[in-house]
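Printed here is my_file-v9.txt (compact mmCIF, C-alpha atoms):
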# COMPACT_ATOMS: atom_id res chain seq x y z
CA MET A 33 4.29 25.88 -26.10
CA PRO A 34 3.89 24.13 -22.76
CA ASN A 35 5.33 25.87 -19.72
CA ILE A 36 7.93 23.21 -18.82
CA ARG A 37 11.68 23.07 -18.29
CA PRO A 38 13.56 22.35 -21.52
CA LEU A 39 15.27 18.97 -21.42
CA SER A 40 19.00 18.63 -22.03
CA ALA A 41 19.83 17.27 -25.50
CA GLU A 42 20.65 13.85 -24.00
CA LEU A 43 17.41 13.60 -22.02
CA ALA A 44 15.35 14.89 -24.96
CA LYS A 45 16.77 12.07 -27.09
CA LYS A 46 15.98 9.52 -24.36
CA ALA A 47 12.44 10.91 -24.01
CA ALA A 48 11.93 10.57 -27.79
CA ASP A 49 13.48 7.08 -28.06
CA GLU A 50 12.14 5.43 -24.89
CA LEU A 51 9.04 7.46 -23.95
CA PHE A 52 7.90 8.26 -27.53
CA GLU A 53 7.84 11.97 -26.71
CA LYS A 54 6.81 14.32 -29.53
CA PRO A 55 7.15 17.91 -28.29
CA GLU A 56 4.67 19.14 -30.91
CA ARG A 57 1.94 16.94 -29.36
CA LEU A 58 2.42 18.05 -25.75
CA ASP A 59 0.04 21.04 -25.83
CA GLU A 60 -2.79 18.91 -27.20
CA ASP A 61 -2.21 16.07 -24.72
CA LEU A 62 -2.00 18.45 -21.74
CA ALA A 63 -5.27 20.07 -22.81
CA ALA A 64 -6.87 16.60 -23.05
CA LEU A 65 -5.67 15.71 -19.53
CA ARG A 66 -7.07 18.97 -18.15
CA ALA A 67 -10.41 18.41 -19.90
CA TRP A 68 -10.56 14.90 -18.38
CA LEU A 69 -9.74 16.27 -14.90
CA ALA A 70 -12.51 18.87 -15.24
CA LYS A 71 -14.94 15.99 -15.88
CA SER A 72 -13.67 13.87 -12.97
CA PRO A 73 -15.70 15.00 -9.94
CA HIS A 74 -13.72 12.86 -7.48
CA LEU A 75 -10.26 14.22 -8.40
CA LYS A 76 -8.67 17.42 -7.20
CA SER A 77 -5.30 17.60 -8.93
CA ARG A 78 -2.49 20.00 -9.65
CA THR A 79 -2.88 21.11 -13.24
CA ASP A 80 0.35 22.93 -14.10
CA ASP A 81 2.11 21.80 -17.29
CA GLN A 82 5.23 20.47 -15.57
CA PHE A 83 3.25 18.27 -13.17
CA LEU A 84 0.95 16.82 -15.84
CA THR A 85 3.86 16.23 -18.26
CA MET A 86 5.38 13.91 -15.64
CA PHE A 87 2.37 11.60 -15.99
CA LEU A 88 2.52 11.67 -19.80
CA ARG A 89 6.19 10.71 -19.62
CA GLY A 90 5.50 8.05 -16.98
CA ALA A 91 2.88 6.56 -19.31
CA LYS A 92 5.16 6.73 -22.39
CA HIS A 93 2.74 9.32 -23.77
CA SER A 94 -0.32 7.07 -23.79
CA LEU A 95 -3.08 9.50 -22.79
CA GLU A 96 -5.32 6.78 -21.31
CA ARG A 97 -2.47 5.32 -19.28
CA ALA A 98 -1.53 8.83 -18.05
CA LYS A 99 -5.11 9.30 -16.80
CA GLU A 100 -4.93 5.96 -14.94
CA LYS A 101 -1.58 6.88 -13.38
CA LEU A 102 -2.76 10.34 -12.31
CA ASP A 103 -5.95 8.92 -10.76
CA MET A 104 -3.96 6.19 -8.98
CA TYR A 105 -1.34 8.71 -7.77
CA TYR A 106 -3.98 10.70 -5.88
CA THR A 107 -6.05 7.65 -4.88
CA VAL A 108 -3.13 5.96 -3.12
CA ARG A 109 -2.07 9.22 -1.46
CA THR A 110 -5.58 9.91 -0.14
CA ALA A 111 -5.72 6.36 1.28
CA LEU A 112 -2.41 6.91 3.12
CA PRO A 113 -2.98 9.95 5.37
CA GLU A 114 -0.37 8.62 7.82
CA LEU A 115 2.29 9.11 5.11
CA MET A 116 0.91 12.00 3.06
CA ARG A 117 -0.62 14.44 5.56
CA ASN A 118 1.01 16.80 8.10
CA ARG A 119 4.23 16.92 6.11
CA ASP A 120 5.81 19.90 7.81
CA PRO A 121 9.61 19.89 7.35
CA GLU A 122 10.00 22.02 10.49
CA GLU A 123 8.03 19.63 12.72
CA ALA A 124 10.57 18.34 15.27
CA LYS A 125 10.72 14.67 14.28
CA ILE A 126 10.67 15.28 10.52
CA LEU A 127 13.39 17.90 10.91
CA GLU A 128 15.52 15.39 12.83
CA LEU A 129 15.04 12.79 10.08
CA ILE A 130 15.94 15.39 7.43
CA ARG A 131 19.16 16.18 9.30
CA LEU A 132 19.97 12.50 9.75
CA GLY A 133 19.69 12.02 5.98
CA THR A 134 17.96 8.64 6.11
CA ALA A 135 17.54 8.97 2.32
CA VAL A 136 19.16 11.40 -0.12
CA PRO A 137 19.48 11.65 -3.89
CA LEU A 138 23.11 11.62 -5.01
CA PRO A 139 24.24 14.74 -6.93
CA ASN A 140 25.53 13.05 -10.11
CA THR A 141 24.20 10.57 -12.65
CA VAL A 142 26.38 7.97 -14.41
CA THR A 143 25.68 9.54 -17.82
CA PRO A 144 23.91 12.83 -18.68
CA ASP A 145 20.78 10.80 -19.53
CA GLY A 146 21.14 8.35 -16.63
CA PRO A 147 18.66 7.65 -13.83
CA ARG A 148 18.84 9.45 -10.48
CA ILE A 149 20.56 7.42 -7.76
CA ILE A 150 19.03 7.55 -4.27
CA LEU A 151 20.97 6.42 -1.20
CA VAL A 152 18.81 5.07 1.63
CA ARG A 153 20.39 4.48 5.06
CA PRO A 154 17.79 3.27 7.57
CA GLY A 155 20.58 2.48 10.07
CA THR A 156 20.92 6.22 10.73
CA TYR A 157 17.67 6.44 12.72
CA ASP A 158 16.75 4.92 16.08
CA PRO A 159 13.66 2.67 15.66
CA SER A 160 12.67 3.18 19.31
CA LYS A 161 12.37 6.92 18.61
CA TYR A 162 10.78 7.06 15.13
CA THR A 163 7.95 5.01 13.65
CA ILE A 164 8.31 3.60 10.16
CA GLN A 165 5.41 5.90 9.15
CA GLU A 166 7.43 8.97 10.20
CA VAL A 167 10.46 7.75 8.26
CA PHE A 168 8.37 7.09 5.16
CA ARG A 169 6.62 10.45 5.45
CA TYR A 170 10.08 11.98 5.09
CA ASN A 171 10.68 9.71 2.03
CA THR A 172 7.46 10.91 0.38
CA MET A 173 8.52 14.53 0.90
CA MET A 174 11.90 13.88 -0.70
CA ALA A 175 10.23 12.09 -3.62
CA ASP A 176 7.76 14.95 -4.18
CA ILE A 177 10.53 17.55 -4.37
CA MET A 178 12.48 15.41 -6.83
CA MET A 179 9.37 14.93 -8.97
CA ARG A 180 9.06 18.70 -9.19
CA GLU A 181 12.70 19.41 -10.01
CA ASP A 182 14.56 16.43 -11.43
CA ASP A 183 14.28 15.67 -15.14
CA ASN A 184 16.72 12.75 -14.93
CA LEU A 185 14.38 11.14 -12.40
CA ILE A 186 11.29 11.71 -14.55
CA VAL A 187 12.73 10.75 -17.95
CA ALA A 188 15.38 8.15 -17.03
CA GLY A 189 13.92 6.79 -13.76
CA GLN A 190 15.44 6.08 -10.38
CA MET A 191 17.88 3.62 -8.90
CA GLY A 192 18.14 2.90 -5.19
CA ILE A 193 21.04 1.87 -2.99
CA LEU A 194 19.82 0.54 0.35
CA ASP A 195 22.70 0.49 2.82
CA LEU A 196 21.68 -1.63 5.80
CA SER A 197 24.75 -0.88 7.97
CA ASN A 198 23.71 -0.54 11.64
CA CYS A 199 20.25 -1.97 10.95
CA THR A 200 18.96 -4.16 13.76
CA MET A 201 16.07 -6.55 14.23
CA ALA A 202 14.18 -3.58 15.76
CA HIS A 203 14.34 -1.85 12.35
CA PHE A 204 13.10 -4.94 10.52
CA LEU A 205 10.25 -5.55 12.97
CA GLN A 206 8.78 -2.16 12.01
CA PHE A 207 7.89 -3.62 8.60
CA SER A 208 4.49 -5.26 9.07
CA PRO A 209 2.90 -6.90 5.99
CA THR A 210 0.24 -4.14 5.99
CA PHE A 211 2.87 -1.42 5.95
CA VAL A 212 4.99 -3.13 3.28
CA LYS A 213 1.97 -3.50 1.01
CA LYS A 214 1.18 0.22 1.42
CA ALA A 215 4.79 1.29 0.84
CA THR A 216 5.19 -0.81 -2.31
CA MET A 217 1.86 0.41 -3.66
CA TRP A 218 2.92 4.03 -3.08
CA SER A 219 6.22 3.49 -4.93
CA GLN A 220 4.88 1.19 -7.67
CA GLU A 221 1.22 1.76 -8.63
CA GLY A 222 0.98 5.21 -7.01
CA SER A 223 4.01 6.66 -8.78
CA PRO A 224 4.58 7.86 -12.35
CA LEU A 225 8.32 7.08 -12.07
CA ARG A 226 10.26 4.23 -13.63
CA GLN A 227 12.18 1.99 -11.23
CA LYS A 228 15.56 1.06 -12.68
CA GLY A 229 16.95 -1.17 -9.97
CA PHE A 230 17.46 -1.49 -6.24
CA HIS A 231 20.81 -2.50 -4.75
CA TYR A 232 21.10 -3.84 -1.20
CA VAL A 233 24.49 -3.50 0.53
CA ASN A 234 25.83 -4.37 4.00
CA THR A 235 22.92 -6.73 4.59
CA PRO A 236 22.76 -8.15 8.15
CA SER A 237 21.06 -11.33 9.32
CA GLY A 238 17.29 -10.91 9.53
CA PHE A 239 17.32 -8.94 6.28
CA GLU A 240 15.82 -11.83 4.28
CA MET A 241 12.55 -11.57 6.23
CA VAL A 242 11.84 -8.01 5.07
CA TYR A 243 13.39 -8.54 1.62
CA ASN A 244 11.09 -11.49 0.87
CA LEU A 245 8.09 -9.56 2.16
CA PHE A 246 8.80 -6.58 -0.14
CA LYS A 247 9.52 -8.92 -3.03
CA SER A 248 6.15 -10.64 -2.63
CA PHE A 249 4.32 -7.34 -3.31
CA LEU A 250 6.44 -6.26 -6.30
CA ASN A 251 5.50 -6.85 -9.90
CA GLU A 252 7.68 -9.17 -11.98
CA LYS A 253 9.56 -6.35 -13.72
CA ASN A 254 10.58 -4.65 -10.46
CA ARG A 255 11.41 -7.99 -8.85
CA SER A 256 13.94 -8.70 -11.59
CA ARG A 257 15.68 -5.40 -10.79
CA LEU A 258 16.64 -6.25 -7.20
CA PHE A 259 20.31 -6.94 -6.47
CA VAL A 260 21.76 -8.11 -3.15
CA HIS A 261 25.49 -7.40 -2.80
CA GLY A 262 25.99 -8.25 0.89
CA SER A 263 29.14 -6.46 2.04
CA ASN A 264 30.75 -6.72 -1.41
CA LEU A 265 30.93 -3.12 -2.65
CA GLU A 266 32.99 -4.23 -5.66
CA SER A 267 29.88 -6.05 -6.87
CA LEU A 268 27.85 -2.81 -6.44
CA TYR A 269 30.45 -0.88 -8.49
CA GLU A 270 29.73 -3.17 -11.47
CA HIS A 271 26.26 -1.54 -11.62
CA ILE A 272 26.96 1.93 -10.21
CA PRO A 273 30.46 3.35 -10.75
CA LYS A 274 32.33 4.08 -7.54
CA SER A 275 32.83 7.73 -8.62
CA MET A 276 29.06 8.39 -8.20
CA LEU A 277 29.13 7.54 -4.51
CA PRO A 278 29.94 9.70 -1.46
CA THR A 279 33.46 9.70 -0.01
CA GLU A 280 32.43 7.21 2.71
CA TYR A 281 31.75 4.61 0.01
CA GLY A 282 35.06 5.24 -1.76
CA GLY A 283 33.52 7.63 -4.31
CA ASP A 284 33.94 11.20 -5.58
CA ALA A 285 30.54 12.73 -4.70
CA GLY A 286 31.90 14.42 -1.55
CA PRO A 287 31.17 13.72 2.14
CA ILE A 288 27.69 12.39 2.74
CA GLN A 289 26.95 15.06 5.37
CA ASP A 290 27.45 17.81 2.76
CA ILE A 291 24.84 16.13 0.52
CA VAL A 292 22.47 15.73 3.50
CA ASP A 293 22.92 19.38 4.60
CA SER A 294 22.23 20.88 1.17
CA TRP A 295 19.18 18.64 0.82
CA ALA A 296 17.95 19.71 4.30
CA LYS A 297 17.99 23.38 3.19
CA LYS A 298 15.96 22.50 0.12
CA MET A 299 13.34 20.53 2.09
CA ILE A 300 12.80 23.34 4.59
CA ALA A 301 12.34 25.79 1.70
CA TYR A 302 9.40 23.61 0.53
CA LYS A 303 7.41 24.15 3.75
CA ALA A 304 4.65 26.23 2.08
CA TYR A 305 4.45 23.80 -0.85
CA PHE A 306 3.72 20.84 1.44
CA LYS A 307 1.03 22.81 3.27
CA GLU A 308 -0.60 23.78 -0.03
CA ASP A 309 -0.38 20.16 -1.24
CA GLU A 310 -2.83 18.98 1.45
CA GLN A 311 -5.79 20.22 -0.61
CA TYR A 312 -5.22 17.74 -3.47
CA GLY A 313 -6.48 14.18 -3.60
CA THR A 314 -9.60 12.16 -4.28
CA ASP A 315 -13.08 12.39 -2.77
CA GLU A 316 -14.23 8.79 -3.01
CA LYS A 317 -17.88 9.72 -2.34
CA LYS A 318 -17.84 11.52 -5.70
CA ARG A 319 -16.04 8.81 -7.70
CA PRO A 320 -18.19 7.38 -10.51
CA GLY A 321 -18.57 3.64 -9.85
CA ARG A 322 -17.05 1.83 -6.90
CA PRO A 323 -15.02 3.90 -4.41
CA LYS A 324 -11.35 3.05 -3.89
CA ASN A 325 -10.37 3.29 -0.24
CA ALA A 326 -7.67 1.70 1.94
CA ASP A 327 -9.71 -1.50 2.16
CA THR A 328 -10.17 -1.97 -1.56
CA LEU A 329 -6.63 -0.81 -2.40
CA PHE A 330 -4.57 -2.64 0.16
CA GLY A 331 -7.05 -5.38 0.90
CA LEU A 332 -5.14 -6.48 3.98
CA GLU A 333 -7.43 -5.19 6.71
CA GLY A 334 -10.30 -6.97 4.99
CA SER A 335 -8.48 -10.27 4.74
CA PHE A 336 -7.33 -10.06 8.38
CA ARG A 337 -10.90 -9.38 9.51
CA LYS A 338 -12.11 -12.37 7.52
CA LEU A 339 -9.53 -14.58 9.24
CA GLU A 340 -10.76 -13.51 12.66
CA VAL A 341 -14.41 -14.27 11.79
CA ASP A 342 -13.77 -17.74 10.34
As structure tokens - that is how I would like this structure written.
Amino acid sequence: MPNIRPLSAELAKKAADELFEKPERLDEDLAALRAWLAKSPHLKSRTDDQFLTMFLRGAKHSLERAKEKLDMYYTVRTALPELMRNRDPEEAKILELIRLGTAVPLPNTVTPDGPRIILVRPGTYDPSKYTIQEVFRYNTMMADIMMREDDNLIVAGQMGILDLSNCTMAHFLQFSPTFVKKATMWSQEGSPLRQKGFHYVNTPSGFEMVYNLFKSFLNEKNRSRLFVHGSNLESLYEHIPKSMLPTEYGGDAGPIQDIVDSWAKKMIAYKAYFKEDEQYGTDEKKRPGRPKNADTLFGLEGSFRKLEVD
């Protein structure tokens, strides 16, 4: 038997119905993934059952697709050292961002087999003090912890609420096309998770600029799952029941600071994990065939250089 957390009855049913999970096949598929990793000279990956099972689930238990996702997960991370390296939760700026709670998963799901809801509040940080790379490094740390612990996230997917209260043009100007391409690739191609929708609330003027930029890099499926509610929270409640939300949004999930504080404790407890995680990734010099680096993945630097030469 694989060494993984047992799923709740509701999530096990969802995994069987939507991800085609057959528990009796897991051992064999995990062994096949490990054998493939052993023959992939360019990949240094975690190999514990729980981690590898996430990729099988993310690929709806297609072994070939799981291999592609696992390779892409580490390829994108290796090409983004500014987001994926030096992730120390006790480093001053990261600790400040953790305590600000720029993004936190909400404690409850709508149904026992529902997706995890993540509340993102960029208006909580001062863009003259933190770069967008620092903010996103915090986001990658939060995502990594959830991927280790949260079966709702892995089986049912994730839903985002982006609250743009207190966002200014200075926030939006941090989103260069290069950065947006990298961020969407990290969350889309570089992730084994299923995106179940993104809801924008309290959208100020200037928002359309960044929204359209993000949209241009999303695939069709994820594009169709974007919802803009403006300041109309009633419209948000049609998708996410009010009871799921923190007190400040009229909900029953408790004060947002309590959620932020308990999450801060958890992130600091992961300090050794993030240090240990630095050893994993790809060595593109050893990849069979063409290497995949920032240029080939994101393609933007190359196209900008070409424009300058012409």
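Environment of (4.4, 25.3, -24.1): residues at most 10 Å away, judged by all atoms listed in the file, are Met33, Pro34, Asn35, Ile36, Arg37, Pro38, Pro55, Glu56, Leu58, Asp59, Leu62, Asp81 and Gln82 of chain A.
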Could you save the residues just selected, with C-alpha atoms, as an mmCIF file, in the frame of the given file?
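Output (part-v2.cif):
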data_model
loop_
_atom_site.group_PDB
_atom_site.id
_atom_site.type_symbol
_atom_site.label_atom_id
_atom_site.label_comp_id
_atom_site.auth_asym_id
_atom_site.auth_seq_id
_atom_site.Cartn_x
_atom_site.Cartn_y
_atom_site.Cartn_z
ATOM 1 C CA MET A 33 4.290 25.880 -26.100
ATOM 2 C CA PRO A 34 3.890 24.130 -22.760
ATOM 3 C CA ASN A 35 5.330 25.870 -19.720
ATOM 4 C CA ILE A 36 7.930 23.210 -18.820
ATOM 5 C CA ARG A 37 11.680 23.070 -18.290
ATOM 6 C CA PRO A 38 13.560 22.350 -21.520
ATOM 7 C CA PRO A 55 7.150 17.910 -28.290
ATOM 8 C CA GLU A 56 4.670 19.140 -30.910
ATOM 9 C CA LEU A 58 2.420 18.050 -25.750
ATOM 10 C CA ASP A 59 0.040 21.040 -25.830
ATOM 11 C CA LEU A 62 -2.000 18.450 -21.740
ATOM 12 C CA ASP A 81 2.110 21.800 -17.290
ATOM 13 C CA GLN A 82 5.230 20.470 -15.570
#
Which residues are close to range 73-79 of chain A, i.e. within 8 Å by all atoms listed in the file, leaving aside same-chain residues fewer than 6 positions away? Reply as a ChimeraX atom specification.
/A:66,103,106,311-320
Generate a file of the selected residues that holds C-alpha atoms, formatted as an mmCIF file, in the coordinates of the input.
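That gives us again26.cif:
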data_model
loop_
_atom_site.group_PDB
_atom_site.id
_atom_site.type_symbol
_atom_site.label_atom_id
_atom_site.label_comp_id
_atom_site.auth_asym_id
_atom_site.auth_seq_id
_atom_site.Cartn_x
_atom_site.Cartn_y
_atom_site.Cartn_z
ATOM 1 C CA ARG A 66 -7.070 18.970 -18.150
ATOM 2 C CA ASP A 103 -5.950 8.920 -10.760
ATOM 3 C CA TYR A 106 -3.980 10.700 -5.880
ATOM 4 C CA GLN A 311 -5.790 20.220 -0.610
ATOM 5 C CA TYR A 312 -5.220 17.740 -3.470
ATOM 6 C CA GLY A 313 -6.480 14.180 -3.600
ATOM 7 C CA THR A 314 -9.600 12.160 -4.280
ATOM 8 C CA ASP A 315 -13.080 12.390 -2.770
ATOM 9 C CA GLU A 316 -14.230 8.790 -3.010
ATOM 10 C CA LYS A 317 -17.880 9.720 -2.340
ATOM 11 C CA LYS A 318 -17.840 11.520 -5.700
ATOM 12 C CA ARG A 319 -16.040 8.810 -7.700
ATOM 13 C CA PRO A 320 -18.190 7.380 -10.510
#
Between CA of Lys161 in chain A and CA of Ala124 in chain A, what distance in Å does the model show, to one decimal?
12.0 Å
Neighbourhood query: residues within 6 Å of (22.0, 8.3, 2.9), file coordinates, counting all atoms listed in the file; return as a ChimeraX atom specification.
/A:133-136,151-153
Could you take the residues named above and write them with C-alpha atoms, as a PDB file, keeping the file's coordinate frame?
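Wrote it out as again-v2.pdb, contents follow:
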ATOM      1  CA  GLY A 133      19.690  12.020   5.980  1.00  0.00           C
ATOM      2  CA  THR A 134      17.960   8.640   6.110  1.00  0.00           C
ATOM      3  CA  ALA A 135      17.540   8.970   2.320  1.00  0.00           C
ATOM      4  CA  VAL A 136      19.160  11.400  -0.120  1.00  0.00           C
ATOM      5  CA  LEU A 151      20.970   6.420  -1.200  1.00  0.00           C
ATOM      6  CA  VAL A 152      18.810   5.070   1.630  1.00  0.00           C
ATOM      7  CA  ARG A 153      20.390   4.480   5.060  1.00  0.00           C
TER       8      ARG A 153
END
Would you mind listing, for every residue of range 210-263 of chain A within 9 Å of range 182-203 of chain A, the two atoms forming the shortest contact and the distance between them in Å to one decimal, using all atoms listed in the file, sorted by chain and ascending residue number, as JSON lines?
{"residue": "A:Pro224", "atom": "CA", "partner": "A:Ile186", "partner_atom": "CA", "distance": 8.0}
{"residue": "A:Leu225", "atom": "CA", "partner": "A:Gly189", "partner_atom": "CA", "distance": 5.9}
{"residue": "A:Arg226", "atom": "CA", "partner": "A:Gly189", "partner_atom": "CA", "distance": 4.5}
{"residue": "A:Gln227", "atom": "CA", "partner": "A:Gln190", "partner_atom": "CA", "distance": 5.3}
{"residue": "A:Lys228", "atom": "CA", "partner": "A:Met191", "partner_atom": "CA", "distance": 5.1}
{"residue": "A:Gly229", "atom": "CA", "partner": "A:Met191", "partner_atom": "CA", "distance": 5.0}
{"residue": "A:Phe230", "atom": "CA", "partner": "A:Gly192", "partner_atom": "CA", "distance": 4.6}
{"residue": "A:His231", "atom": "CA", "partner": "A:Ile193", "partner_atom": "CA", "distance": 4.7}
{"residue": "A:Tyr232", "atom": "CA", "partner": "A:Leu194", "partner_atom": "CA", "distance": 4.8}
{"residue": "A:Val233", "atom": "CA", "partner": "A:Asp195", "partner_atom": "CA", "distance": 4.9}
{"residue": "A:Asn234", "atom": "CA", "partner": "A:Leu196", "partner_atom": "CA", "distance": 5.3}
{"residue": "A:Thr235", "atom": "CA", "partner": "A:Leu196", "partner_atom": "CA", "distance": 5.4}
{"residue": "A:Pro236", "atom": "CA", "partner": "A:Leu196", "partner_atom": "CA", "distance": 7.0}
{"residue": "A:Ser237", "atom": "CA", "partner": "A:Met201", "partner_atom": "CA", "distance": 8.5}
{"residue": "A:Gly238", "atom": "CA", "partner": "A:Met201", "partner_atom": "CA", "distance": 6.5}
{"residue": "A:Phe239", "atom": "CA", "partner": "A:Met201", "partner_atom": "CA", "distance": 8.4}
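Look at range 290-306 of chain A: the protein and nucleic acid residues within 8 Å of it, using all atoms listed in the file and passing over chain neighbours fewer than 5 places away, are A:Arg119, A:Asp120, A:Pro121, A:Glu122, A:Ile130, A:Arg131, A:Leu132, A:Gly133, A:Val136, A:Leu138, A:Pro139, A:Met173, A:Met174, A:Ile177.
Atom to atom, CA of Ile150 in chain A and CA of Ala326 in chain A stand 28.0 Å apart.
Candidate residues A:Glu240, A:Gly146, A:Ala44, A:Lys92 were compared for distance to Phe204 in chain A, and the nearest is A:Glu240, using all atoms listed in the file.
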Spatial neighbours of Gly282 in chain A, 12 Å, only C-alpha atoms, chain gap at least 4 places, as JSON, numbers by chain
{"A": [265, 266, 268, 269, 273, 274, 275, 276, 277, 278, 286, 287, 288]}
